[in-house]
file upload.txt (compact mmCIF, C-alpha atoms and all ligand atoms)
# COMPACT_ATOMS: atom_id res chain seq x y z
CA MET T 1 82.20 25.65 -40.47
CA ILE T 2 79.12 27.74 -41.15
CA MET T 3 76.79 28.59 -38.30
CA GLN T 4 73.54 26.68 -37.99
CA LEU T 5 70.41 28.81 -38.00
CA ILE T 6 66.69 28.08 -37.90
CA ASP T 7 64.18 30.49 -39.41
CA THR T 8 61.26 29.97 -37.03
CA HIS T 9 58.79 32.10 -38.99
CA CYS T 10 58.63 32.48 -42.76
CA HIS T 11 55.81 32.51 -45.30
CA ILE T 12 57.88 31.13 -48.14
CA TYR T 13 54.93 29.37 -49.79
CA THR T 14 53.35 32.71 -50.82
CA ARG T 15 53.34 34.08 -54.36
CA GLU T 16 56.18 36.51 -53.57
CA PHE T 17 58.51 33.53 -54.04
CA ASP T 18 56.86 31.93 -57.07
CA SER T 19 59.60 33.08 -59.44
CA ASP T 20 62.64 31.86 -57.45
CA ARG T 21 61.49 29.72 -54.52
CA ASP T 22 63.99 26.88 -55.00
CA ASN T 23 66.90 29.29 -55.46
CA MET T 24 65.83 31.24 -52.40
CA ILE T 25 65.75 28.05 -50.31
CA GLY T 26 69.15 27.15 -51.79
CA ARG T 27 70.57 30.50 -50.66
CA ALA T 28 69.17 29.91 -47.19
CA THR T 29 70.73 26.46 -46.99
CA GLU T 30 74.07 27.92 -48.05
CA ALA T 31 73.77 30.56 -45.33
CA GLY T 32 73.39 27.79 -42.75
CA VAL T 33 69.59 27.88 -42.37
CA GLY T 34 68.86 24.21 -41.80
CA GLN T 35 65.14 24.51 -41.13
CA MET T 36 62.41 26.93 -42.16
CA LEU T 37 59.24 26.90 -40.11
CA MET T 38 56.10 27.97 -41.93
CA PRO T 39 53.13 29.51 -40.11
CA ALA T 40 49.77 29.07 -41.78
CA ILE T 41 47.58 32.03 -42.78
CA ASP T 42 44.23 30.66 -43.97
CA SER T 43 42.67 28.15 -46.37
CA ASP T 44 43.74 30.14 -49.45
CA GLU T 45 47.33 29.18 -48.64
CA HIS T 46 47.19 25.85 -46.76
CA GLU T 47 47.66 23.70 -49.87
CA ASN T 48 50.63 25.77 -51.10
CA MET T 49 52.27 25.49 -47.71
CA LEU T 50 51.72 21.74 -47.45
CA ARG T 51 53.05 21.21 -50.96
CA LEU T 52 56.29 22.95 -50.00
CA GLN T 53 56.57 20.81 -46.87
CA GLU T 54 56.26 17.72 -49.04
CA GLN T 55 58.90 19.03 -51.42
CA TYR T 56 61.41 19.75 -48.64
CA PRO T 57 60.80 17.12 -45.97
CA GLY T 58 62.52 17.90 -42.68
CA ILE T 59 63.55 21.33 -43.95
CA CYS T 60 60.35 23.29 -44.63
CA LEU T 61 58.02 22.48 -41.76
CA ALA T 62 54.38 23.52 -41.60
CA MET T 63 52.22 24.81 -38.78
CA MET T 64 48.44 24.94 -38.99
CA GLY T 65 46.02 27.62 -37.84
CA VAL T 66 44.12 30.75 -38.81
CA HIS T 67 45.86 34.14 -38.77
CA PRO T 68 43.99 36.84 -36.81
CA CYS T 69 43.79 39.01 -39.96
CA SER T 70 41.90 36.16 -41.66
CA ILE T 71 39.24 36.10 -38.95
CA LYS T 72 36.20 37.54 -40.75
CA GLU T 73 32.53 36.64 -41.26
CA ASP T 74 33.48 33.11 -42.30
CA PHE T 75 35.84 32.45 -39.38
CA LYS T 76 33.96 29.39 -38.18
CA LYS T 77 34.46 27.76 -41.56
CA GLU T 78 38.17 28.67 -41.49
CA LEU T 79 38.55 27.17 -38.04
CA GLU T 80 36.76 24.02 -39.17
CA ILE T 81 39.13 23.63 -42.13
CA ALA T 82 42.22 24.02 -39.95
CA LYS T 83 40.78 21.62 -37.38
CA THR T 84 40.21 19.03 -40.10
CA TRP T 85 43.86 19.31 -41.18
CA PHE T 86 44.95 18.47 -37.64
CA GLN T 87 42.90 15.29 -37.82
CA LYS T 88 44.66 14.29 -41.04
CA GLN T 89 48.33 14.91 -40.21
CA SER T 90 50.66 16.27 -37.55
CA PHE T 91 52.07 19.79 -37.42
CA ILE T 92 54.95 21.34 -35.51
CA ALA T 93 52.75 24.10 -34.02
CA VAL T 94 49.40 25.88 -34.03
CA GLY T 95 50.09 29.12 -35.84
CA GLU T 96 49.96 31.75 -36.51
CA ILE T 97 47.18 32.77 -34.18
CA GLY T 98 46.45 35.71 -31.93
CA LEU T 99 45.12 39.24 -32.04
CA ASP T 100 45.69 42.05 -34.52
CA PHE T 101 44.14 45.39 -33.60
CA HIS T 102 46.13 47.42 -36.08
CA TRP T 103 43.92 47.44 -39.16
CA ASP T 104 40.43 46.56 -38.20
CA LEU T 105 38.52 46.07 -34.98
CA THR T 106 35.32 44.80 -36.61
CA PHE T 107 36.01 41.19 -35.67
CA LYS T 108 37.69 41.77 -32.33
CA GLU T 109 35.38 39.41 -30.46
CA GLN T 110 35.75 36.75 -33.14
CA GLN T 111 39.55 37.12 -32.98
CA TYR T 112 39.39 36.37 -29.26
CA GLN T 113 37.10 33.41 -29.84
CA ALA T 114 39.40 31.95 -32.53
CA PHE T 115 42.49 32.53 -30.38
CA HIS T 116 40.98 30.69 -27.41
CA GLU T 117 39.76 27.81 -29.55
CA GLN T 118 43.13 27.35 -31.27
CA ILE T 119 45.00 27.39 -27.96
CA GLY T 120 42.77 24.46 -27.07
CA TRP T 121 44.12 22.54 -30.08
CA ALA T 122 47.71 23.18 -29.00
CA LEU T 123 46.96 21.76 -25.57
CA GLN T 124 45.14 18.81 -27.11
CA TYR T 125 48.04 17.91 -29.44
CA ASP T 126 50.75 19.07 -27.03
CA ILE T 127 52.41 21.41 -29.53
CA PRO T 128 53.43 25.07 -29.19
CA ILE T 129 51.47 28.12 -30.35
CA VAL T 130 52.94 30.86 -32.53
CA ILE T 131 51.38 34.17 -31.54
CA HIS T 132 50.81 37.19 -33.77
CA SER T 133 50.15 40.15 -31.47
CA ARG T 134 50.03 43.37 -33.43
CA GLU T 135 49.02 46.29 -31.19
CA ALA T 136 47.68 43.66 -28.83
CA THR T 137 50.68 42.39 -26.88
CA ASP T 138 49.18 42.99 -23.43
CA GLU T 139 45.92 41.42 -24.56
CA CYS T 140 47.74 38.34 -25.88
CA ILE T 141 49.76 38.04 -22.68
CA ALA T 142 46.48 38.11 -20.73
CA VAL T 143 45.01 35.32 -22.88
CA VAL T 144 48.12 33.15 -22.47
CA LYS T 145 48.06 33.77 -18.71
CA GLU T 146 44.48 32.52 -18.61
CA HIS T 147 45.43 29.24 -20.31
CA GLN T 148 48.85 28.72 -18.74
CA LYS T 149 48.48 25.91 -16.29
CA GLY T 150 51.99 24.66 -16.93
CA LYS T 151 51.39 22.89 -20.24
CA LEU T 152 51.09 25.70 -22.77
CA LYS T 153 54.20 26.63 -24.73
CA GLY T 154 54.93 28.96 -27.59
CA VAL T 155 56.42 32.14 -28.93
CA PHE T 156 55.43 35.77 -29.35
CA HIS T 157 56.48 36.08 -32.97
CA CYS T 158 57.96 39.37 -34.18
CA PHE T 159 58.32 40.61 -30.63
CA GLY T 160 58.69 44.39 -30.49
CA GLY T 161 57.43 45.24 -27.04
CA THR T 162 58.85 46.65 -23.84
CA LEU T 163 61.25 45.08 -21.35
CA GLU T 164 58.34 44.64 -18.96
CA GLN T 165 56.32 42.76 -21.60
CA ALA T 166 59.35 40.63 -22.51
CA ARG T 167 59.78 39.64 -18.86
CA GLN T 168 56.09 38.77 -18.51
CA ILE T 169 56.31 36.57 -21.62
CA MET T 170 59.42 34.79 -20.35
CA ASP T 171 57.82 34.32 -16.93
CA LEU T 172 54.96 32.52 -18.70
CA GLY T 173 57.54 30.12 -20.13
CA PHE T 174 57.14 31.61 -23.59
CA TYR T 175 59.78 32.59 -26.13
CA LEU T 176 60.43 35.86 -27.95
CA GLY T 177 60.67 35.63 -31.74
CA ILE T 178 63.21 38.22 -32.86
CA GLY T 179 63.47 39.34 -36.47
CA GLY T 180 64.42 42.21 -38.76
CA VAL T 181 62.87 44.87 -36.52
CA LEU T 182 65.93 44.45 -34.30
CA THR T 183 68.05 46.02 -37.05
CA PHE T 184 65.75 49.03 -37.52
CA LYS T 185 66.96 52.34 -36.14
CA LYS T 186 64.65 53.65 -33.41
CA SER T 187 62.88 50.32 -32.88
CA GLY T 188 64.10 50.43 -29.28
CA LEU T 189 64.30 46.64 -29.37
CA ASP T 190 68.10 46.73 -29.08
CA ALA T 191 67.86 48.32 -25.63
CA VAL T 192 65.34 45.66 -24.55
CA MET T 193 67.44 42.76 -25.84
CA LYS T 194 70.54 44.10 -24.13
CA GLU T 195 68.87 43.48 -20.78
CA LEU T 196 67.71 39.91 -21.50
CA ASP T 197 69.59 36.65 -21.57
CA LEU T 198 69.02 34.50 -24.65
CA SER T 199 67.46 31.53 -22.90
CA LYS T 200 64.01 32.35 -24.33
CA VAL T 201 64.98 33.89 -27.67
CA ILE T 202 64.51 32.41 -31.14
CA LEU T 203 65.22 34.01 -34.52
CA GLU T 204 62.89 34.53 -37.47
CA THR T 205 62.61 36.48 -40.70
CA ASP T 206 58.82 36.73 -41.25
CA ALA T 207 59.75 36.56 -44.96
CA PRO T 208 58.61 38.05 -47.29
CA TYR T 209 57.96 40.88 -44.78
CA LEU T 210 60.19 42.95 -42.50
CA ALA T 211 63.54 42.54 -44.23
CA PRO T 212 66.45 43.50 -41.96
CA VAL T 213 68.90 46.29 -42.67
CA PRO T 214 70.57 46.49 -45.25
CA PHE T 215 67.54 45.16 -47.17
CA ARG T 216 64.86 47.08 -45.29
CA GLY T 217 61.82 47.70 -47.51
CA LYS T 218 62.78 44.95 -49.95
CA ARG T 219 61.43 41.41 -50.11
CA ASN T 220 62.74 39.46 -47.15
CA GLU T 221 64.10 35.91 -47.49
CA CYS T 222 65.36 33.22 -45.14
CA SER T 223 69.09 33.73 -45.77
CA TYR T 224 68.78 37.26 -44.34
CA ILE T 225 68.32 35.79 -40.87
CA LYS T 226 72.10 35.99 -40.54
CA TYR T 227 71.79 39.79 -40.31
CA VAL T 228 69.43 39.41 -37.37
CA ALA T 229 71.83 36.97 -35.69
CA GLN T 230 74.74 39.35 -36.26
CA LYS T 231 72.82 42.34 -34.87
CA LEU T 232 71.87 40.38 -31.78
CA ALA T 233 75.51 39.29 -31.36
CA ASP T 234 76.63 42.94 -31.58
CA ILE T 235 74.07 44.00 -28.98
CA LYS T 236 74.96 41.18 -26.61
CA GLU T 237 78.70 41.53 -27.33
CA MET T 238 78.80 37.86 -28.14
CA ASP T 239 80.16 35.78 -30.96
CA VAL T 240 77.58 35.34 -33.74
CA ASP T 241 78.20 31.57 -33.75
CA GLU T 242 77.28 31.47 -30.10
CA VAL T 243 74.07 33.43 -30.72
CA ALA T 244 73.23 31.03 -33.56
CA ALA T 245 73.91 27.99 -31.40
CA ILE T 246 71.82 29.20 -28.46
CA THR T 247 68.83 30.41 -30.48
CA SER T 248 68.82 27.31 -32.69
CA ALA T 249 68.92 25.06 -29.63
CA ASN T 250 65.97 27.04 -28.22
CA ALA T 251 63.99 26.59 -31.45
CA THR T 252 64.81 22.87 -31.55
CA ASN T 253 63.59 22.57 -28.01
CA LEU T 254 60.39 24.61 -28.43
CA PHE T 255 59.25 22.98 -31.68
CA ALA T 256 60.64 19.52 -30.83
CA LEU T 257 62.61 19.49 -34.09
ZN ZN I 1 53.66 35.60 -40.02
call {"tool": "encode", "arguments": {"input": "upload.txt", "output": "structure tokens"}}
result
Amino acid sequence: MIMQLIDTHCHIYTREFDSDRDNMIGRATEAGVGQMLMPAIDSDEHENMLRLQEQYPGICLAMMGVHPCSIKEDFKKELEIAKTWFQKQSFIAVGEIGLDFHWDLTFKEQQYQAFHEQIGWALQYDIPIVIHSREATDECIAVVKEHQKGKLKGVFHCFGGTLEQARQIMDLGFYLGIGGVLTFKKSGLDAVMKELDLSKVILETDAPYLAPVPFRGKRNECSYIKYVAQKLADIKEMDVDEVAAITSANATNLFAL
């Protein structure tokens, strides 16, 4: 029996997969990846994402939202477009949303504004949020804290923070999305994960980005999630099937799959 895995974060509708998308999804299915959850980026990609969801019903599942790196001068228009999609159909989550202070701080205030507004949608529709928090983990934790009155749920995708931050996130009832970074030497994430139980951990690839070792630097794809599961199993000194079972059950629970 092959282990059952869920890739909770992959951008498989982007042009990086135009040449072999169906084969790539086939490889993922063969590797035991039963579901691939797709975070939105912005209106340039929404249609591509929704087309893939239609093509693979129950397997490729779409979120809706505006990525913090797509919050620019026209962010109000972007928010309006995403909001309109929510009125037309249902989505498994609001995502990916959050704060990214790595590249550009020009639209910092607008990023906050968009983050707050989109959290409101998640509460309205009672679905989780998928948080992108590059160089802004403490800031994102603070925003979640502000809105957490017991109803907000979600995940800090691509978590790479400290043990203290991980504990704060778990205390807020949120999950940690763990991906290829776990396999990188010197990430320090192995030491953090060693200390935590897996009750709030879900797995992701972030494909096409952040491929795990031994594919680091190459295009990432959903089937590679097994390397993340194996690395986590090694760190926790657990059976990889058990890691797969626990993290998949967590994802099923969080996203109501
Ligand atoms: Zn992403």
call {"tool": "closest_residue", "arguments": {"input": "upload.txt", "among": "T:Met193, T:Ala136, T:Val66, T:Ile169", "to": "Glu80 (chain T)", "atoms": "all atoms listed in the file"}}
result
T:Val66
call {"tool": "residues_near_ligand", "arguments": {"input": "upload.txt", "ligand": "ligand ZN 1 (chain I)", "cutoff": "10 Å", "atoms": "only C-alpha atoms and all ligand atoms", "output": "list in words"}}
result
Thr8, His9, Cys10, His11, Met38, Pro39, Ala40, Ile41, His67, Gly95, Glu96, Ile97, Val130, Ile131, His132, His157, Cys158, Glu204, Thr205, Asp206, Ala207, Pro208 and Tyr209 of chain T
call {"tool": "residues_around", "arguments": {"input": "upload.txt", "residues": "region 149-151 of chain T", "least_positions_apart": "6", "cutoff": "9 Å", "atoms": "all atoms listed in the file", "output": "JSON, numbers by chain"}}
result
{"T": [123, 126, 172, 173]}
call {"tool": "atom_distance", "arguments": {"input": "upload.txt", "atom1": "CA of Phe17 (chain T)", "atom2": "CA of Asp241 (chain T)"}}
result
28.3 Å
call {"tool": "closest_residue", "arguments": {"input": "upload.txt", "among": "T:Gly180, T:Ala31, T:Met36, T:Ile235", "to": "Lys194 (chain T)", "atoms": "all atoms listed in the file"}}
result
T:Ile235
call {"tool": "atom_distance", "arguments": {"input": "upload.txt", "atom1": "CA of Glu221 (chain T)", "atom2": "CA of Leu176 (chain T)"}}
result
19.9 Å
call {"tool": "residues_around", "arguments": {"input": "upload.txt", "residues": "Lys185 (chain T)", "least_positions_apart": "4", "cutoff": "12 Å", "atoms": "all atoms listed in the file", "output": "list in words"}}
result
Gly180, Val181, Leu189, Asp190, Ala191, Pro212, Val213, Pro214, Arg216 and Lys231 of chain T
call {"tool": "atom_distance", "arguments": {"input": "upload.txt", "atom1": "CA of Leu99 (chain T)", "atom2": "CA of Ala166 (chain T)"}}
result
17.2 Å
call {"tool": "residues_near_point", "arguments": {"input": "upload.txt", "point": "(62.5, 27.8, -47.3)", "cutoff": "6 Å", "atoms": "all atoms listed in the file", "output": "short mmCIF file (atom, residue, chain, number, x, y, z; two decimals) with C-alpha atoms, in the coordinates of the input"}}
result
data_model
loop_
_atom_site.label_atom_id
_atom_site.label_comp_id
_atom_site.auth_asym_id
_atom_site.auth_seq_id
_atom_site.Cartn_x
_atom_site.Cartn_y
_atom_site.Cartn_z
CA ILE T 12 57.88 31.13 -48.14
CA ILE T 25 65.75 28.05 -50.31
CA MET T 36 62.41 26.93 -42.16
CA CYS T 60 60.35 23.29 -44.63
#
call {"tool": "closest_residue", "arguments": {"input": "upload.txt", "among": "T:Ala114, T:Ile141, T:Ile59, T:Ala211", "to": "Leu79 (chain T)", "atoms": "only C-alpha atoms"}}
result
T:Ala114
